[in-house]
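Here's my_file-v6.txt, which has compact mmCIF, C-alpha atoms and all ligand atoms:
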# COMPACT_ATOMS: atom_id res chain seq x y z
CA MET A 12 17.55 31.87 71.37
CA LEU A 13 19.37 29.51 69.09
CA ILE A 14 21.87 31.07 66.75
CA LYS A 15 22.55 28.94 63.74
CA ILE A 16 26.02 29.11 62.27
CA PRO A 17 25.83 27.80 58.71
CA LYS A 18 28.36 25.20 57.74
CA GLY A 19 30.27 25.67 54.51
CA TRP A 20 27.93 23.48 52.52
CA GLU A 21 24.84 25.34 53.65
CA ILE A 22 25.85 28.25 51.48
CA PRO A 23 23.74 28.08 48.31
CA GLU A 24 25.46 26.86 45.17
CA ASN A 25 25.56 30.35 43.67
CA GLN A 26 27.02 31.99 46.77
CA VAL A 27 29.71 29.34 47.24
CA THR A 28 31.45 30.73 44.20
CA PRO A 29 33.16 33.89 45.48
CA GLU A 30 34.29 32.22 48.72
CA SER A 31 35.85 29.17 47.11
CA ASP A 32 37.30 31.28 44.35
CA TYR A 33 39.04 33.36 47.00
CA VAL A 34 40.39 30.23 48.71
CA SER A 35 41.75 28.73 45.51
CA ARG A 36 43.30 32.02 44.42
CA ARG A 37 45.13 32.35 47.72
CA LYS A 38 46.37 28.76 47.50
CA PHE A 39 47.51 29.41 43.96
CA ILE A 40 49.58 32.40 45.04
CA GLN A 41 51.13 30.32 47.86
CA ASN A 42 52.01 27.54 45.45
CA MET A 43 53.60 30.03 43.12
CA GLY A 44 55.73 31.25 46.01
CA LEU A 45 56.88 27.73 46.85
CA ALA A 46 57.21 26.17 43.48
CA GLY A 47 57.89 29.32 41.49
CA ALA A 48 59.18 28.53 38.05
CA GLY A 49 58.09 24.89 38.33
CA ALA A 50 54.46 25.91 38.59
CA LEU A 51 54.80 28.18 35.58
CA THR A 52 56.22 25.39 33.45
CA LEU A 53 53.35 23.09 34.41
CA MET A 54 50.81 25.78 33.58
CA ASN A 55 52.20 26.13 30.11
CA GLY A 56 50.79 22.71 29.31
CA CYS A 57 47.24 23.97 29.73
CA ALA A 58 45.34 25.47 26.83
CA TRP A 59 44.06 28.37 28.90
CA ALA A 60 47.49 29.30 30.23
CA LYS A 61 48.48 30.04 26.65
CA GLY A 62 45.57 32.44 26.49
CA LYS A 63 43.40 30.10 24.46
CA GLY A 64 39.69 30.33 24.88
CA VAL A 65 36.98 27.74 25.28
CA GLU A 66 36.52 27.64 21.47
CA GLU A 67 40.03 26.21 21.22
CA GLN A 68 39.45 23.77 24.09
CA LEU A 69 36.27 22.53 22.39
CA LYS A 70 38.01 21.58 19.13
CA ASP A 71 39.08 18.18 20.38
CA SER A 72 35.56 16.99 21.22
CA GLN A 73 34.07 18.73 18.16
CA ALA A 74 36.38 16.66 15.97
CA GLN A 75 34.82 13.48 17.37
CA LYS A 76 31.44 13.62 15.67
CA ILE A 77 28.62 11.26 16.57
CA ASP A 78 26.26 10.27 13.81
CA ALA A 79 22.94 9.83 15.61
CA PRO A 80 19.45 10.38 14.18
CA HIS A 81 17.54 13.36 15.50
CA ASN A 82 14.41 12.36 17.42
CA GLU A 83 11.74 14.87 16.44
CA ASN A 84 9.33 13.88 19.19
CA PHE A 85 11.03 16.18 21.66
CA VAL A 86 10.26 19.68 20.49
CA VAL A 87 11.27 22.68 22.57
CA ASN A 88 9.69 25.98 21.68
CA ALA A 89 12.83 28.05 22.28
CA GLU A 90 16.21 28.92 20.77
CA LEU A 91 19.11 26.54 21.30
CA THR A 92 21.69 27.81 23.77
CA ASP A 93 24.97 28.73 22.12
CA GLU A 94 27.38 25.79 22.31
CA VAL A 95 30.28 27.91 23.57
CA VAL A 96 28.09 29.45 26.28
CA ALA A 97 26.97 25.99 27.47
CA ALA A 98 30.57 24.74 27.50
CA SER A 99 31.87 27.63 29.59
CA TYR A 100 29.17 27.81 32.30
CA ASN A 101 29.13 24.51 34.15
CA ASN A 102 28.50 22.98 37.52
CA PHE A 103 31.10 20.27 38.08
CA TYR A 104 32.21 20.60 41.69
CA GLU A 105 34.92 17.95 41.30
CA PHE A 106 36.91 20.63 39.47
CA THR A 107 35.81 23.96 40.90
CA THR A 108 32.73 25.68 42.27
CA THR A 109 33.26 28.56 39.85
CA LYS A 110 31.09 27.88 36.82
CA ASP A 111 33.07 29.81 34.22
CA ARG A 112 36.33 28.07 35.16
CA VAL A 113 35.39 24.39 34.94
CA TRP A 114 36.54 24.10 31.30
CA LYS A 115 39.97 25.43 32.26
CA LEU A 116 40.55 22.71 34.84
CA VAL A 117 39.53 19.50 33.06
CA ASP A 118 42.72 18.99 31.00
CA LYS A 119 44.08 16.23 33.26
CA PHE A 120 40.77 14.35 33.49
CA GLN A 121 41.12 11.03 31.58
CA THR A 122 37.82 9.96 30.01
CA ARG A 123 39.12 7.04 27.98
CA PRO A 124 39.19 4.11 28.50
CA TRP A 125 36.13 4.27 30.76
CA GLU A 126 34.79 1.27 32.59
CA ILE A 127 31.26 1.29 33.87
CA GLU A 128 29.80 -1.21 36.33
CA VAL A 129 26.09 -2.05 36.27
CA GLY A 130 25.06 -4.33 39.10
CA GLY A 131 23.24 -4.80 42.37
CA LEU A 132 19.81 -6.45 42.25
CA VAL A 133 19.91 -7.54 38.58
CA GLU A 134 19.96 -10.85 36.69
CA ASN A 135 22.79 -9.81 34.35
CA PRO A 136 25.36 -7.67 36.13
CA MET A 137 28.14 -6.35 33.92
CA THR A 138 31.33 -4.37 33.89
CA VAL A 139 32.00 -3.00 30.43
CA ASP A 140 34.07 -0.43 28.68
CA LEU A 141 31.82 2.41 27.59
CA SER A 142 32.80 1.98 23.93
CA ASP A 143 31.46 -1.62 24.02
CA LEU A 144 28.30 -0.63 25.87
CA VAL A 145 27.48 2.11 23.37
CA LYS A 146 27.65 -0.41 20.51
CA LYS A 147 24.72 -2.25 22.08
CA MET A 148 22.60 0.88 22.41
CA SER A 149 20.82 3.04 19.87
CA LEU A 150 22.07 6.59 20.09
CA GLU A 151 19.77 9.45 19.16
CA GLU A 152 19.74 13.23 19.38
CA ARG A 153 17.15 15.03 21.49
CA ILE A 154 16.70 18.70 22.22
CA TYR A 155 15.77 19.20 25.87
CA ARG A 156 15.27 22.04 28.26
CA PHE A 157 17.67 21.91 31.22
CA ARG A 158 16.98 23.79 34.49
CA CYS A 159 19.46 24.22 37.34
CA VAL A 160 18.12 24.64 40.88
CA GLU A 161 20.00 27.97 40.91
CA ALA A 162 17.42 29.28 38.38
CA TRP A 163 19.57 29.37 35.25
CA ALA A 164 18.44 27.34 32.27
CA MET A 165 19.49 26.24 28.80
CA VAL A 166 18.22 24.34 25.77
CA VAL A 167 20.71 21.88 24.26
CA PRO A 168 20.83 18.97 21.80
CA TRP A 169 22.01 15.92 23.72
CA ILE A 170 23.07 12.63 22.12
CA GLY A 171 22.45 9.50 24.13
CA PHE A 172 20.36 6.39 24.63
CA PRO A 173 17.27 5.84 26.78
CA MET A 174 18.26 4.53 30.20
CA LYS A 175 15.38 2.09 29.79
CA GLU A 176 17.49 0.17 27.23
CA LEU A 177 20.20 -0.39 29.80
CA VAL A 178 17.69 -1.40 32.48
CA ASN A 179 16.22 -3.98 30.11
CA LEU A 180 19.69 -5.30 29.30
CA VAL A 181 20.60 -6.06 32.92
CA GLN A 182 17.10 -7.19 33.96
CA PRO A 183 16.40 -5.93 37.47
CA LYS A 184 15.08 -8.43 40.01
CA SER A 185 11.62 -7.76 41.45
CA SER A 186 13.26 -6.57 44.68
CA ALA A 187 15.00 -3.69 42.82
CA LYS A 188 13.15 -0.41 43.38
CA TYR A 189 15.83 2.25 42.87
CA VAL A 190 19.03 2.94 40.98
CA LYS A 191 22.04 4.54 42.59
CA MET A 192 24.69 6.20 40.42
CA LEU A 193 28.26 7.23 41.21
CA THR A 194 30.74 9.60 39.62
CA PHE A 195 34.48 8.76 39.38
CA LEU A 196 36.84 9.33 42.31
CA ARG A 197 40.26 10.54 41.13
CA PRO A 198 41.69 13.30 43.28
CA ASN A 199 44.76 13.52 41.05
CA GLU A 200 42.63 14.50 38.09
CA ALA A 201 39.89 16.46 39.84
CA PRO A 202 41.38 19.00 42.27
CA GLN A 203 38.32 19.56 44.47
CA GLN A 204 38.27 15.85 45.36
CA LYS A 205 41.43 16.50 47.37
CA GLN A 206 39.31 18.59 49.70
CA GLY A 207 37.65 16.66 52.50
CA ARG A 208 34.76 19.13 52.80
CA LEU A 209 32.46 17.33 50.36
CA PRO A 210 31.51 13.60 50.41
CA TRP A 211 33.12 12.43 47.15
CA PRO A 212 32.41 10.69 44.89
CA TYR A 213 29.21 12.48 43.78
CA PHE A 214 26.19 10.18 44.06
CA GLU A 215 22.61 10.35 42.83
CA GLY A 216 19.56 8.16 42.56
CA LEU A 217 16.24 7.59 40.82
CA THR A 218 13.32 5.22 41.27
CA ILE A 219 13.23 2.42 38.69
CA GLU A 220 10.10 4.03 37.20
CA GLU A 221 12.00 7.30 36.77
CA ALA A 222 15.00 5.49 35.28
CA MET A 223 12.66 3.79 32.79
CA ASN A 224 10.75 6.94 31.86
CA ASP A 225 10.86 7.83 28.16
CA LEU A 226 12.70 11.07 28.91
CA THR A 227 15.57 9.59 30.92
CA LEU A 228 18.71 9.63 28.82
CA LEU A 229 22.24 8.39 29.35
CA VAL A 230 24.18 10.96 27.39
CA THR A 231 27.50 10.61 25.58
CA GLY A 232 27.33 13.61 23.25
CA ILE A 233 26.12 17.16 22.69
CA TYR A 234 25.88 19.41 19.58
CA GLY A 235 26.65 16.48 17.26
CA HIS A 236 29.90 15.34 18.89
CA VAL A 237 31.24 13.64 22.01
CA LEU A 238 30.67 15.40 25.33
CA PRO A 239 33.36 17.90 26.24
CA LYS A 240 34.79 16.97 29.64
CA GLN A 241 33.13 19.90 31.39
CA HIS A 242 29.67 18.53 30.50
CA GLY A 243 30.39 15.19 32.22
CA ALA A 244 32.25 13.09 29.65
CA PRO A 245 32.22 10.32 28.73
CA ILE A 246 28.72 9.45 30.02
CA ARG A 247 26.23 11.35 32.17
CA LEU A 248 22.58 11.25 33.08
CA VAL A 249 19.98 13.74 31.82
CA VAL A 250 16.59 13.89 33.56
CA PRO A 251 15.10 17.12 32.13
CA TRP A 252 12.07 17.38 34.43
CA LYS A 253 14.31 17.53 37.51
CA TYR A 254 16.72 20.19 38.74
CA GLY A 255 20.16 19.89 37.16
CA PHE A 256 21.92 18.37 40.15
CA LYS A 257 20.05 15.07 39.56
CA SER A 258 21.78 14.78 36.14
CA ILE A 259 24.96 13.18 37.49
CA LYS A 260 28.09 13.50 35.36
CA SER A 261 30.91 11.08 34.44
CA ILE A 262 29.20 7.95 35.76
CA VAL A 263 31.26 4.89 36.73
CA SER A 264 28.63 2.80 38.46
CA ILE A 265 24.90 2.11 38.32
CA GLU A 266 23.56 -0.05 41.12
CA PHE A 267 20.02 -1.39 41.53
CA THR A 268 18.86 -1.32 45.15
CA SER A 269 15.79 -2.11 47.23
CA ARG A 270 16.16 1.00 49.39
CA LYS A 271 16.00 4.64 48.44
CA PRO A 272 19.60 5.77 47.92
CA ARG A 273 21.02 8.85 49.54
CA THR A 274 22.12 11.65 47.24
CA PHE A 275 25.07 14.06 47.35
CA TRP A 276 23.16 17.33 47.73
CA ASN A 277 20.48 15.82 49.95
CA THR A 278 23.18 14.59 52.31
CA LEU A 279 24.78 18.03 52.44
CA ALA A 280 21.63 20.12 52.84
CA PRO A 281 18.51 17.96 53.27
CA ARG A 282 16.11 20.86 53.72
CA GLU A 283 17.26 22.49 50.50
CA TYR A 284 17.74 19.65 48.03
CA ASP A 285 15.32 16.74 48.26
CA PHE A 286 15.55 13.33 46.63
CA TRP A 287 12.84 14.15 44.07
CA ALA A 288 14.04 17.58 42.96
CA ASN A 289 11.27 17.93 40.40
CA VAL A 290 11.18 21.37 38.77
CA ASN A 291 8.26 23.22 40.35
CA PRO A 292 7.66 26.99 40.05
CA THR A 293 5.33 27.00 43.08
CA VAL A 294 7.81 25.54 45.56
CA PRO A 295 10.53 28.07 46.32
CA HIS A 296 13.99 27.00 47.37
CA PRO A 297 14.29 28.02 51.06
CA ARG A 298 16.41 30.99 50.00
CA TRP A 299 15.14 31.99 46.55
CA SER A 300 12.07 31.79 44.34
CA GLN A 301 11.77 29.19 41.58
CA ALA A 302 9.01 31.06 39.74
CA MET A 303 11.35 32.45 37.06
CA GLU A 304 14.46 31.29 35.25
CA ARG A 305 17.28 32.97 33.32
CA MET A 306 18.46 31.56 30.00
CA ILE A 307 22.26 31.49 29.91
CA GLY A 308 23.76 33.34 26.95
CA THR A 309 20.80 35.58 26.16
CA GLY A 310 19.89 36.45 29.76
CA GLU A 311 16.22 36.16 28.80
CA ARG A 312 13.96 35.75 31.82
CA ARG A 313 10.96 33.46 31.53
CA SER A 314 8.58 31.75 33.90
CA THR A 315 9.50 28.29 35.12
CA ASP A 316 7.26 25.49 33.84
CA MET A 317 5.96 22.69 36.06
CA PHE A 318 8.24 19.67 35.56
CA ASN A 319 10.27 21.99 33.30
CA GLY A 320 7.57 21.60 30.65
CA TYR A 321 7.55 17.79 30.69
CA GLN A 322 4.24 17.31 32.57
CA SER A 323 2.76 14.95 29.98
CA TYR A 324 5.67 12.52 30.40
CA VAL A 325 6.00 12.43 34.16
CA THR A 326 2.91 13.65 36.05
CA HIS A 327 1.67 10.05 36.45
CA LEU A 328 4.86 9.14 38.34
CA TYR A 329 3.96 11.41 41.24
CA LYS A 330 0.21 10.74 41.63
CA THR A 331 -0.45 9.24 45.06
N1 LIG B 1 29.46 14.56 39.20
C1 LIG B 1 28.78 15.71 39.16
N2 LIG B 1 27.64 15.77 38.44
C2 LIG B 1 26.95 16.93 38.37
C3 LIG B 1 27.38 18.09 39.09
C4 LIG B 1 28.59 17.99 39.83
O1 LIG B 1 29.06 18.95 40.47
N3 LIG B 1 29.27 16.79 39.83
N4 LIG B 1 26.63 19.25 39.06
C5 LIG B 1 25.20 19.10 38.71
C6 LIG B 1 24.53 20.37 38.50
S1 LIG B 1 24.18 21.28 39.88
C7 LIG B 1 24.14 20.78 37.26
S2 LIG B 1 23.20 22.18 37.06
C8 LIG B 1 24.53 20.04 36.04
C9 LIG B 1 25.28 20.97 35.09
O2 LIG B 1 25.50 20.37 33.84
P1 LIG B 1 26.28 21.16 32.69
O3 LIG B 1 27.53 21.72 33.29
O4 LIG B 1 26.54 20.17 31.62
O5 LIG B 1 25.36 22.26 32.24
O6 LIG B 1 25.36 18.92 36.33
C10 LIG B 1 25.01 18.19 37.50
N5 LIG B 1 25.82 16.99 37.60
MO MO B 2 22.59 22.82 39.25
Let me see the structure of the file written as structure tokens.
Ligand SMILES: Nc1nc2c(c(=O)[nH]1)N[C@H]1C(S)=C(S)[C@@H](COP(=O)(O)O)O[C@H]1N2
Ligand SMILES: [Mo]
Amino acid sequence: MLIKIPKGWEIPENQVTPESDYVSRRKFIQNMGLAGAGALTLMNGCAWAKGKGVEEQLKDSQAQKIDAPHNENFVVNAELTDEVVAASYNNFYEFTTTKDRVWKLVDKFQTRPWEIEVGGLVENPMTVDLSDLVKKMSLEERIYRFRCVEAWAMVVPWIGFPMKELVNLVQPKSSAKYVKMLTFLRPNEAPQQKQGRLPWPYFEGLTIEEAMNDLTLLVTGIYGHVLPKQHGAPIRLVVPWKYGFKSIKSIVSIEFTSRKPRTFWNTLAPREYDFWANVNPTVPHPRWSQAMERMIGTGERRSTDMFNGYQSYVTHLYKT
């Protein structure tokens, strides 16, 4: 009989939490022992060390309003998730695997200036600062459902521009079939990137048809203002018909390719996280059902919708 010993990354996202929390807590205590007073002084620079809550941490991004028209074509028949709840329950493994601590660890992360490279199989490759790129795009606000593979969900107002606009700007060659996206790599700003266990930087991919779908947004804001760092500032993807891990945060590069790109979670656990990752209540994750979801904040349980409710926009993409 074969006995399978799971590797660290085969632990589901939601069960990773206590283990990694334990590891980081132990390291923290060791550091305190070594560095003592020095560590305490450093900590005093952080908002949370002074006992400030996420409301306080959010003030900086809330002050940077974005004036973008609301697009009424995307109606969600549900309550908006509370902004503070959404900003204090995040998956951003570059910082920590503990969802309610991400906002406490993003202080050092520098999101400005932010260069983004768009290249590969395109006629007009470019490397631009995000502030210049955004001037060329038309920002709008859209309320979308968002569904994590771990079965929690939220409804939030994103601000961004259709990825289609960017694709048209760079003009893919006919050989381009996919887009591959990368997150930043800065171990000095993102503590988990110092750990060799995961294949940083985070990487994701879409087909060109998916990238050009009406729903696909490159997002720079939420709740009327710039993205707080914990949501993937200064620019992230949002593909609302797919599980949350496809919506890659803090993007530095978008490359057009002829071959299907590998993806972060698919590389780690191919039988659990596939390239497509389309929300589907009838296909359980190998270790849990996807039939239901839990709304963060209210705890309301509801049934999962096929393609997260976006069937009319995307079903045609997957007809064989
Ligand atoms: N770079 C990067 N992008 C990422 C992740 C991550 O760990 N790193 N987590 C993904 C997962 S699993 C989810 S559910 C969403 C969470 O987005 P939110 O924190 O804004 O709700 O971000 C996705 N994008
Ligand atoms: Mo997720």
May I have the residues within 9 Å of range 276-283 of chain A as a VMD selection string, using only C-alpha atoms and disregarding those fewer than 2 positions away in the same chain?
chain A and resid 20 to 21 23 209 to 210 213 to 215 256 273 to 274 285 to 286 296 to 298
How would the residues just chosen look if you wrote them out with C-alpha atoms as a short mmCIF file (atom, residue, chain, number, x, y, z; two decimals), keeping the file's coordinate frame?
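This went into selection.cif:
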data_model
loop_
_atom_site.label_atom_id
_atom_site.label_comp_id
_atom_site.auth_asym_id
_atom_site.auth_seq_id
_atom_site.Cartn_x
_atom_site.Cartn_y
_atom_site.Cartn_z
CA TRP A 20 27.93 23.48 52.52
CA GLU A 21 24.84 25.34 53.65
CA PRO A 23 23.74 28.08 48.31
CA LEU A 209 32.46 17.33 50.36
CA PRO A 210 31.51 13.60 50.41
CA TYR A 213 29.21 12.48 43.78
CA PHE A 214 26.19 10.18 44.06
CA GLU A 215 22.61 10.35 42.83
CA PHE A 256 21.92 18.37 40.15
CA ARG A 273 21.02 8.85 49.54
CA THR A 274 22.12 11.65 47.24
CA ASP A 285 15.32 16.74 48.26
CA PHE A 286 15.55 13.33 46.63
CA HIS A 296 13.99 27.00 47.37
CA PRO A 297 14.29 28.02 51.06
CA ARG A 298 16.41 30.99 50.00
#
Near Tyr100 in chain A, within 8 Å and counting all atoms listed in the file, which residues show up once chain neighbours fewer than 3 positions away are dropped, as number ranges by chain?
A: 96-97, 110-113
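Minimum atom-to-atom distances from A:Arg312, A:Lys253, A:His242, A:His81 to Glu152 in chain A were compared using only C-alpha atoms, and the lowest value belongs to A:His81.
Our summary of the geometry notes that CA of Ser269 in chain A is positioned 12.5 Å from CA of Gly130 in chain A.
The residues sitting within 10 Å of ligand MO 2 (chain B), with all atoms listed in the file considered, come out as A:Glu24, A:Asn25, A:Asn101, A:Asn102, A:Phe103, A:Phe157, A:Arg158, A:Cys159, A:Val160, A:Glu161, A:Ala162, A:Trp163, A:Ala164, A:Lys253, A:Tyr254, A:Gly255, A:Phe256, A:Lys257, A:Ser258.
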Nearest residue to ligand LIG 1 (chain B) from the set A:Pro295, A:Gly243, A:Pro173, A:Pro136 (distances using only C-alpha atoms and all ligand atoms)
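Looking at the shortest contact to ligand LIG 1 (chain B), the residue is A:Gly243.
The two atoms in question, CA of Thr309 in chain A and CA of Ser99 in chain A, are spaced 14.1 Å apart.
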Show me, as a VMD selection string, the residues that have an atom within 10 Å of Arg270 in chain A when counting all atoms listed in the file, minus same-chain residues fewer than 2 positions from it.
chain A and resid 186 to 191 218 267 to 268 272 to 273
